[in-house]
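> I have a structure I would like to understand better, so I am pasting it below and will then ask my questions one at a time.
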There are 2 protein chains.
Amino acid sequence: MTTVAQAEKIVLAQLKDHGTETVPFEQALGRVLAEYLLADRDLPPFNRVTMDGIAISYKAIEAGISTFHIKATQAAGDEPMGIEDDDLCIEIMTGAALHPSLDTVIRYEDLEIRNRLAALTIHNIKKGQNVHFKGKDKHAGDVVAAANQKVTPAIISLAASVGKGGLLVKKLPRVVIISSGDELVDVNDTPTTYQIRRSNNYTIKAALTNHGLHADMLHIPDNPEVTKEQIANCLQNYDVILLSGGISMGKFDYIPKALEELQVNKLFHKVAQRPGKPFWFGRHDNGVLVFAFPGNPVATFMCLHRYFLLWLDATLGLPAKAPVYAVLDSDFSFQPQLQYFLQVKLNFNNRGQLMATPIEGNGSGDFANLADTDAFMELPLERNEFKKGDAYQVWIF
Amino acid sequence: MTTVAQAEKIVLAQLKDHGTETVPFEQALGRVLAEYLLADRDLPPFNRVTMDGIAISYKAIEAGISTFHIKATQAAGDEPMGIEDDDLCIEIMTGAALHPSLDTVIRYEDLEIRNRLAALTIHNIKKGQNVHFKGKDKHAGDVVAAANQKVTPAIISLAASVGKGGLLVKKLPRVVIISSGDELVDVNDTPTTYQIRRSNNYTIKAALTNHGLHADMLHIPDNPEVTKEQIANCLQNYDVILLSGGISMGKFDYIPKALEELQVNKLFHKVAQRPGKPFWFGRHDNGVLVFAFPGNPVATFMCLHRYFLLWLDATLGLPAKAPVYAVLDSDFSFQPQLQYFLQVKLNFNNRGQLMATPIEGNGSGDFANLADTDAFMELPLERNEFKKGDAYQVWIF
């Protein structure tokens, strides 16, 4: 059977360039940057005053001057005003640009001002104090943000600062979530005693929304012709098909047959893991990928995070995230020769350790339990006993 | 001067119930649940088959029967079919509801089927195997999700399962972000050599978007009448005003005067912290809160996370989040009697420890540096030396 490590490798071998597009910078939040942001001018672009007060030439301090005539007042956004004599000063506001004849700012708190005369009330003036000098952060042409990272609020800020009204970002793959089966009814319908409501498709959609990805949804009834027609249609219009359930040995699972007839090639079926053993992954000749997750909700959720979201980041050109490790806070054992994904609740202790408390539900169908947990802990395949204090990788959702 | 702890306490004393509203469950992701979700029927609602195969009565196994006549085939969503004799079985699919005459499922992999006769190929059959029994997860009327928590994909799934097409959630406060100052030009404009582009307002908006909160934006020019009129208008139409810059001793800061004239009462001004010392917080008699962040971008970003987002969670009724601690990975010292918020880059080591690497920029105006960090580490006020290996609270953004 395919191991988790092998399955990951096979999935990550299927990367594709989905192209780029330019979006208004404010709408680029969470998207993957496809260009380098460069400073259009120095940052700051001028010697920027950081305190309200007076601007002087430090030469005056060296010459022992401690009282200054206020020549003029300059607000932020005003054209810079200079001085001709060292005993002059400009009353100046935070954000203003310093004139070349000035280099030091003394804040109001350290002054006494009367009749347009400003007298220092402190002595230890430092040259250049309260000034954020031109180009101190970046020079014109410097990279302020590299490509191939997610656009964060800080990058939005940088884009605004350097005048990038539009940002080039990676196009997102077009994704459809397919549910199937006549046993599933809509949320607003009343199921019979032997039906249930569709929910997996909504869960997947919500998890993708949290990762900035829109997905369409489609429900296919248990009918072989309709199944084939709809899947054929999806293979033309999407980059990725996510299926939940419908890939099994069941007699009424028309999806495996349709996939086969439509030339979607199996890359693996069944992974040595729990939950999620029946996970199926395939690829159409035209490049469309099919992630067929097992029908049970927790298995679907695990596979979505462990495989699909990993693929999504990689296909968008993001560097692999560093793994997150957490410390098991109680002993746990698991005998089968399967890689076990333990549902855990995470919390930090005051020593900076991420602690994981196992919260076991009633098997992998129990979604009520999942709502009380934060992550799956991936326990090593080669062991059966896991001790309190051991640290293992976790997949936070 | 107000300490960070005092400022937090004053901010968190200003909680308000903003009411509730019902939204379609799919749109409730990230909102705060204002009702308890109850199971409308048992979960699972019937004895649910978890493997494709045959369903039998365990009595047959006890009687030594190992070959069964297939009476009929039942798909998921079909009405349950029963047996009259113990040597009969129903060929049955995952998701189907078990008839009361059946209690155990044997999967195809453990069978040989010929001429409608299914013969067991294994011996250790357990009563009830491969069945997820009615009510095992929850009973009808049980709480499946408590109020006052954020709606996650798992809760979306539960809502779908129990047929809640609409969810009652907390209304979000109406927030406006005000920027001011003639030195600030629009992103698409070309600044003069003494102007810069507006960016703080976009950063705040993006950070709020990441926390599921929409905010309007407003830019006020340096004009006392317009300033007063616009702020008066905001006091009528919003629950919270977020200001970045404009509260200082500067001569052209018309905002403090407008706030005073419009009866916004100062609750504190200046906090013993770096960055963010000039932070001002006030409240209008009608309950509108004004968070006036300092003008420099990093200080604004810190105050937004440290105070506003904390207030937001609390006012929506979310329980206080457990603090997150990280371990300093190098020595650091800071002398002033201010609470220092150190910019850090976080990563987990393979022992489950969250490690924090200080990444110091060129002072609090350097947003380019912030893009390379993950969090602010809040260093204790009462100390000046911080050693490698010490763990302190971090505020992740």
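Here, A, B, ... name the chains of the structure tokens in the order displayed, residue numbers run from 1 inside each chain, and ligands are numbered from 1 in the same displayed order.
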With 6 Å as the limit and counting only C-alpha atoms, what residues in chain A lie close to chain B? Please list them as a short mmCIF file (atom, residue, chain, number, x, y, z; two decimals) with all heavy atoms, in the first residue's frame.


```cif
data_model
loop_
_atom_site.label_atom_id
_atom_site.label_comp_id
_atom_site.auth_asym_id
_atom_site.auth_seq_id
_atom_site.Cartn_x
_atom_site.Cartn_y
_atom_site.Cartn_z
N ASP A 52 6.83 66.29 16.88
CA ASP A 52 6.48 67.70 16.75
C ASP A 52 7.44 68.52 17.61
O ASP A 52 7.73 68.14 18.74
CB ASP A 52 5.05 67.94 17.24
CG ASP A 52 4.02 67.13 16.46
OD1 ASP A 52 4.22 66.94 15.25
OD2 ASP A 52 3.01 66.71 17.07
N ALA A 76 3.39 68.89 8.11
CA ALA A 76 3.63 67.75 7.23
C ALA A 76 2.96 68.05 5.90
O ALA A 76 1.85 68.59 5.87
CB ALA A 76 3.05 66.48 7.85
N GLY A 77 3.63 67.75 4.82
CA GLY A 77 3.06 68.02 3.50
C GLY A 77 3.42 69.38 2.95
O GLY A 77 3.20 69.65 1.77
N MET A 93 6.33 69.80 12.23
CA MET A 93 5.39 68.77 12.66
C MET A 93 5.83 67.38 12.20
O MET A 93 6.50 67.23 11.18
CB MET A 93 4.00 69.06 12.08
CG MET A 93 3.46 70.44 12.43
SD MET A 93 3.40 70.71 14.23
CE MET A 93 3.98 72.40 14.33
N ALA A 97 9.03 67.14 5.89
CA ALA A 97 10.33 66.88 5.27
C ALA A 97 11.30 67.98 5.70
O ALA A 97 11.01 69.17 5.59
CB ALA A 97 10.18 66.88 3.75
N VAL A 144 11.48 45.54 -1.75
CA VAL A 144 10.82 45.68 -0.44
C VAL A 144 10.02 44.44 -0.10
O VAL A 144 9.74 44.17 1.06
CB VAL A 144 9.94 46.96 -0.36
CG1 VAL A 144 10.79 48.22 -0.50
CG2 VAL A 144 8.80 46.95 -1.37
N PRO A 153 -0.95 41.90 5.41
CA PRO A 153 -1.20 43.34 5.61
C PRO A 153 0.08 44.16 5.49
O PRO A 153 0.05 45.28 4.97
CB PRO A 153 -1.78 43.39 7.03
CG PRO A 153 -2.49 42.07 7.17
CD PRO A 153 -1.59 41.09 6.47
N ALA A 154 1.22 43.63 5.93
CA ALA A 154 2.48 44.38 5.83
C ALA A 154 2.85 44.59 4.36
O ALA A 154 3.35 45.66 3.99
CB ALA A 154 3.60 43.63 6.56
N SER A 157 0.73 47.24 2.86
CA SER A 157 1.26 48.53 3.25
C SER A 157 2.43 48.95 2.36
O SER A 157 2.52 50.09 1.91
CB SER A 157 1.73 48.45 4.70
OG SER A 157 2.32 49.65 5.10
N ALA A 160 1.20 49.95 -1.08
CA ALA A 160 0.64 51.31 -1.04
C ALA A 160 1.77 52.33 -1.00
O ALA A 160 1.75 53.33 -1.74
CB ALA A 160 -0.28 51.46 0.17
N SER A 161 2.78 52.08 -0.18
CA SER A 161 3.88 53.03 -0.02
C SER A 161 4.64 53.25 -1.32
O SER A 161 5.08 54.36 -1.61
CB SER A 161 4.88 52.52 1.02
OG SER A 161 4.25 52.38 2.26
N GLY A 163 3.48 52.81 -4.30
CA GLY A 163 2.61 53.24 -5.40
C GLY A 163 2.18 52.14 -6.35
O GLY A 163 1.87 52.41 -7.51
N GLY A 165 -0.57 50.27 -7.39
CA GLY A 165 -2.03 50.17 -7.31
C GLY A 165 -2.54 48.81 -7.74
O GLY A 165 -3.62 48.39 -7.34
N ASP A 182 -27.48 9.35 -3.66
CA ASP A 182 -28.87 9.69 -3.40
C ASP A 182 -29.22 9.66 -1.92
O ASP A 182 -30.29 10.09 -1.52
CB ASP A 182 -29.80 8.73 -4.16
CG ASP A 182 -29.71 8.94 -5.67
OD1 ASP A 182 -29.17 10.00 -6.08
OD2 ASP A 182 -30.16 8.06 -6.42
N GLU A 183 -28.31 9.17 -1.10
CA GLU A 183 -28.57 9.17 0.35
C GLU A 183 -28.37 10.54 0.96
O GLU A 183 -28.70 10.77 2.11
CB GLU A 183 -27.69 8.13 1.05
CG GLU A 183 -26.25 8.51 1.31
CD GLU A 183 -25.32 8.26 0.12
OE1 GLU A 183 -25.83 8.20 -1.03
OE2 GLU A 183 -24.11 8.13 0.34
N VAL A 187 -29.31 20.66 2.80
CA VAL A 187 -29.41 21.13 4.18
C VAL A 187 -30.84 21.51 4.56
O VAL A 187 -31.29 21.23 5.67
CB VAL A 187 -28.51 22.38 4.37
CG1 VAL A 187 -28.63 22.91 5.78
CG2 VAL A 187 -27.09 22.05 4.02
N ASN A 188 -31.54 22.12 3.62
CA ASN A 188 -32.88 22.59 3.95
C ASN A 188 -33.97 21.54 3.72
O ASN A 188 -35.13 21.81 3.95
CB ASN A 188 -33.18 23.86 3.16
CG ASN A 188 -32.27 25.00 3.61
OD1 ASN A 188 -32.13 25.27 4.80
ND2 ASN A 188 -31.61 25.65 2.65
N TYR A 194 -33.44 7.04 6.58
CA TYR A 194 -32.23 6.37 6.09
C TYR A 194 -31.40 7.27 5.16
O TYR A 194 -30.58 6.81 4.41
CB TYR A 194 -32.60 5.04 5.40
CG TYR A 194 -33.77 5.14 4.45
CD1 TYR A 194 -33.58 5.48 3.11
CD2 TYR A 194 -35.07 4.93 4.90
CE1 TYR A 194 -34.65 5.60 2.25
CE2 TYR A 194 -36.15 5.05 4.04
CZ TYR A 194 -35.94 5.39 2.72
OH TYR A 194 -37.00 5.50 1.88
N GLN A 195 -31.63 8.57 5.25
CA GLN A 195 -30.82 9.53 4.51
C GLN A 195 -30.12 10.47 5.51
O GLN A 195 -30.53 10.59 6.66
CB GLN A 195 -31.71 10.38 3.59
CG GLN A 195 -32.26 9.63 2.39
CD GLN A 195 -33.14 10.53 1.54
OE1 GLN A 195 -33.95 11.29 2.07
NE2 GLN A 195 -32.99 10.43 0.23
N ARG A 197 -27.94 14.55 5.58
CA ARG A 197 -27.74 15.79 4.82
C ARG A 197 -26.31 15.88 4.31
O ARG A 197 -25.39 15.43 4.98
CB ARG A 197 -28.09 17.00 5.67
CG ARG A 197 -29.55 17.04 6.10
CD ARG A 197 -29.87 18.37 6.76
NE ARG A 197 -31.22 18.38 7.31
CZ ARG A 197 -31.55 17.98 8.54
NH1 ARG A 197 -30.61 17.54 9.35
NH2 ARG A 197 -32.80 18.04 8.93
N SER A 199 -22.87 17.43 3.90
CA SER A 199 -22.11 18.38 4.71
C SER A 199 -20.65 18.46 4.30
O SER A 199 -20.04 19.52 4.36
CB SER A 199 -22.23 18.04 6.20
OG SER A 199 -21.69 16.76 6.45
N THR A 203 -17.98 21.68 4.18
CA THR A 203 -16.78 21.73 5.03
C THR A 203 -15.54 22.01 4.18
O THR A 203 -14.70 22.84 4.55
CB THR A 203 -16.56 20.36 5.72
OG1 THR A 203 -17.80 19.86 6.15
CG2 THR A 203 -15.60 20.49 6.87
N ALA A 206 -15.57 25.57 3.02
CA ALA A 206 -15.22 26.51 4.11
C ALA A 206 -13.72 26.47 4.39
O ALA A 206 -13.09 27.51 4.58
CB ALA A 206 -16.02 26.17 5.36
N ALA A 207 -13.15 25.29 4.42
CA ALA A 207 -11.70 25.18 4.69
C ALA A 207 -10.91 25.87 3.57
O ALA A 207 -9.92 26.55 3.83
CB ALA A 207 -11.29 23.71 4.82
N GLY A 250 -18.16 -0.11 -3.83
CA GLY A 250 -19.61 -0.18 -3.81
C GLY A 250 -20.22 -0.28 -5.21
O GLY A 250 -19.72 0.30 -6.15
N VAL A 324 5.44 22.03 11.83
CA VAL A 324 5.13 22.45 13.20
C VAL A 324 5.12 21.19 14.07
O VAL A 324 4.49 20.20 13.70
CB VAL A 324 3.74 23.14 13.25
CG1 VAL A 324 3.36 23.47 14.69
CG2 VAL A 324 3.73 24.38 12.37
N TYR A 325 5.85 21.26 15.16
CA TYR A 325 5.88 20.12 16.08
C TYR A 325 5.16 20.47 17.38
O TYR A 325 5.23 21.62 17.83
CB TYR A 325 7.33 19.73 16.41
CG TYR A 325 8.08 19.21 15.22
CD1 TYR A 325 8.78 20.07 14.38
CD2 TYR A 325 8.09 17.85 14.91
CE1 TYR A 325 9.47 19.60 13.26
CE2 TYR A 325 8.77 17.36 13.80
CZ TYR A 325 9.46 18.25 12.98
OH TYR A 325 10.13 17.78 11.89
N ALA A 326 4.51 19.49 17.95
CA ALA A 326 3.87 19.69 19.25
C ALA A 326 4.23 18.51 20.15
O ALA A 326 4.63 17.45 19.67
CB ALA A 326 2.37 19.82 19.09
N VAL A 327 4.09 18.74 21.44
CA VAL A 327 4.48 17.75 22.44
C VAL A 327 3.23 17.03 22.95
O VAL A 327 2.28 17.68 23.41
CB VAL A 327 5.18 18.45 23.63
CG1 VAL A 327 5.57 17.43 24.70
CG2 VAL A 327 6.39 19.24 23.15
N PHE A 348 -0.39 26.41 24.26
CA PHE A 348 0.98 26.73 24.64
C PHE A 348 1.11 26.74 26.15
O PHE A 348 0.26 27.32 26.84
CB PHE A 348 1.37 28.11 24.12
CG PHE A 348 1.76 28.10 22.68
CD1 PHE A 348 0.82 28.33 21.69
CD2 PHE A 348 3.07 27.82 22.31
CE1 PHE A 348 1.18 28.30 20.35
CE2 PHE A 348 3.43 27.80 20.97
CZ PHE A 348 2.49 28.03 20.00
N ASN A 350 3.61 28.05 29.42
CA ASN A 350 4.33 29.31 29.56
C ASN A 350 5.84 29.17 29.36
O ASN A 350 6.59 30.10 29.59
CB ASN A 350 3.98 30.03 30.86
CG ASN A 350 4.37 29.21 32.08
OD1 ASN A 350 5.05 28.18 31.94
ND2 ASN A 350 3.95 29.64 33.24
N ARG A 351 6.27 28.01 28.90
CA ARG A 351 7.67 27.83 28.52
C ARG A 351 7.82 27.80 27.00
O ARG A 351 8.85 27.40 26.48
CB ARG A 351 8.22 26.56 29.15
CG ARG A 351 8.55 26.75 30.66
CD ARG A 351 8.77 25.42 31.34
NE ARG A 351 7.53 24.65 31.40
CZ ARG A 351 7.42 23.36 31.09
NH1 ARG A 351 8.47 22.67 30.72
NH2 ARG A 351 6.25 22.75 31.17
N GLY A 352 6.73 28.18 26.30
CA GLY A 352 6.83 28.26 24.85
C GLY A 352 6.70 26.93 24.15
O GLY A 352 7.03 26.79 22.98
N GLN A 353 6.22 25.91 24.89
CA GLN A 353 6.01 24.60 24.26
C GLN A 353 4.58 24.46 23.79
O GLN A 353 3.64 24.79 24.52
CB GLN A 353 6.27 23.48 25.26
CG GLN A 353 7.74 23.12 25.41
CD GLN A 353 7.88 21.99 26.39
OE1 GLN A 353 7.35 22.06 27.51
NE2 GLN A 353 8.57 20.94 25.98
N LEU A 354 4.42 23.95 22.59
CA LEU A 354 3.10 23.68 22.05
C LEU A 354 2.70 22.28 22.51
O LEU A 354 3.32 21.29 22.13
CB LEU A 354 3.12 23.78 20.52
CG LEU A 354 1.79 23.63 19.81
CD1 LEU A 354 0.79 24.69 20.26
CD2 LEU A 354 1.99 23.72 18.29
N ALA A 368 -18.49 16.03 15.24
CA ALA A 368 -18.72 16.83 16.44
C ALA A 368 -17.42 16.91 17.24
O ALA A 368 -17.09 17.94 17.82
CB ALA A 368 -19.84 16.22 17.27
N ALA A 371 -14.74 19.47 15.89
CA ALA A 371 -14.95 20.87 16.23
C ALA A 371 -14.24 21.25 17.53
O ALA A 371 -14.00 22.42 17.79
CB ALA A 371 -16.45 21.16 16.34
N ALA A 391 7.65 14.69 20.89
CA ALA A 391 7.19 15.74 19.98
C ALA A 391 7.02 15.17 18.57
O ALA A 391 7.90 14.47 18.08
CB ALA A 391 8.20 16.89 19.95
#
```

> Set the distance at 8 Å and use only C-alpha atoms: which residues neighbour A:Thr22 once local chain neighbours fewer than 2 positions away are removed? I'd like the list as a PyMOL selection string.

chain A and resi 20+24+166-169

> Taking the DSSP secondary structure from the backbone, can you list the residues of stretch 245-308 of chain B that are strand (DSSP E), as a ChimeraX atom specification?

/B:264-269,273-274,280-284,289-293

> Kindly export the residues of the current selection with C-alpha atoms, as a CSV table (one decimal), in the first residue's frame.


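What ended up in again-v2.csv:
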```
chain,number,residue,atom,x,y,z
B,264,VAL,CA,-15.3,62.3,22.9
B,265,ASN,CA,-13.9,61.7,26.4
B,266,LYS,CA,-10.3,60.7,26.7
B,267,LEU,CA,-9.9,57.5,28.7
B,268,PHE,CA,-6.1,57.5,28.3
B,269,HIS,CA,-3.4,59.2,26.3
B,273,GLN,CA,5.3,51.1,25.7
B,274,ARG,CA,7.5,51.2,22.6
B,280,TRP,CA,-4.9,57.7,22.7
B,281,PHE,CA,-8.2,56.0,23.6
B,282,GLY,CA,-11.6,57.7,24.1
B,283,ARG,CA,-15.3,57.2,24.2
B,284,HIS,CA,-18.2,59.4,23.1
B,289,LEU,CA,-15.1,54.2,20.8
B,290,VAL,CA,-12.1,56.0,19.4
B,291,PHE,CA,-8.8,54.2,19.1
B,292,ALA,CA,-6.3,56.8,18.0
B,293,PHE,CA,-3.1,55.0,17.0
```

> Write out as a PDB file with C-alpha atoms, in the first residue's frame each polymer residue whose atoms come within 8 Å of B:Asp331, counting only C-alpha atoms; drop sequence neighbours fewer than 3 positions from it.


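Saved the output as result-v7.pdb:
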```pdb
ATOM      1  CA  LEU B 328      13.811  34.033  22.766  1.00  0.00           C
ATOM      2  CA  GLU B 385      17.871  42.188  30.150  1.00  0.00           C
ATOM      3  CA  PHE B 386      16.258  39.308  28.327  1.00  0.00           C
ATOM      4  CA  LYS B 387      18.206  36.100  27.931  1.00  0.00           C
ATOM      5  CA  LYS B 388      18.290  33.497  25.237  1.00  0.00           C
TER       6      LYS B 388
END
```

> Considering only C-alpha atoms, return as a list in words whatever protein or nucleic-acid residues lie within 7 Å of stretch 315-318 of chain B, sequence-local ones (same chain, fewer than 3 positions apart) excluded.

Leu15, Lys16, Asp17, Val32, Asn148, Gln149, Lys170, Trp311 and Leu312 of chain B

> Give the alpha helix (DSSP H) residues of stretch 200-331 of chain A, as DSSP finds them on the backbone, and put them as a count of residues only.

47

> Choose the residue, out of A:Phe68, A:Phe341, A:Tyr307, A:Phe279, that has the smallest atom-to-atom separation from A:Glu112; count only C-alpha atoms.

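For A:Glu112, the nearest of the given residues is A:Phe68.
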
> With a distance cut-off of 7 Å and only C-alpha atoms, select the neighbouring residues of A:Val344, excluding the residue or stretch itself and same-chain residues fewer than 3 positions from it, and output the selection as a PyMOL selection string.

chain A and resi 356-359+373-377
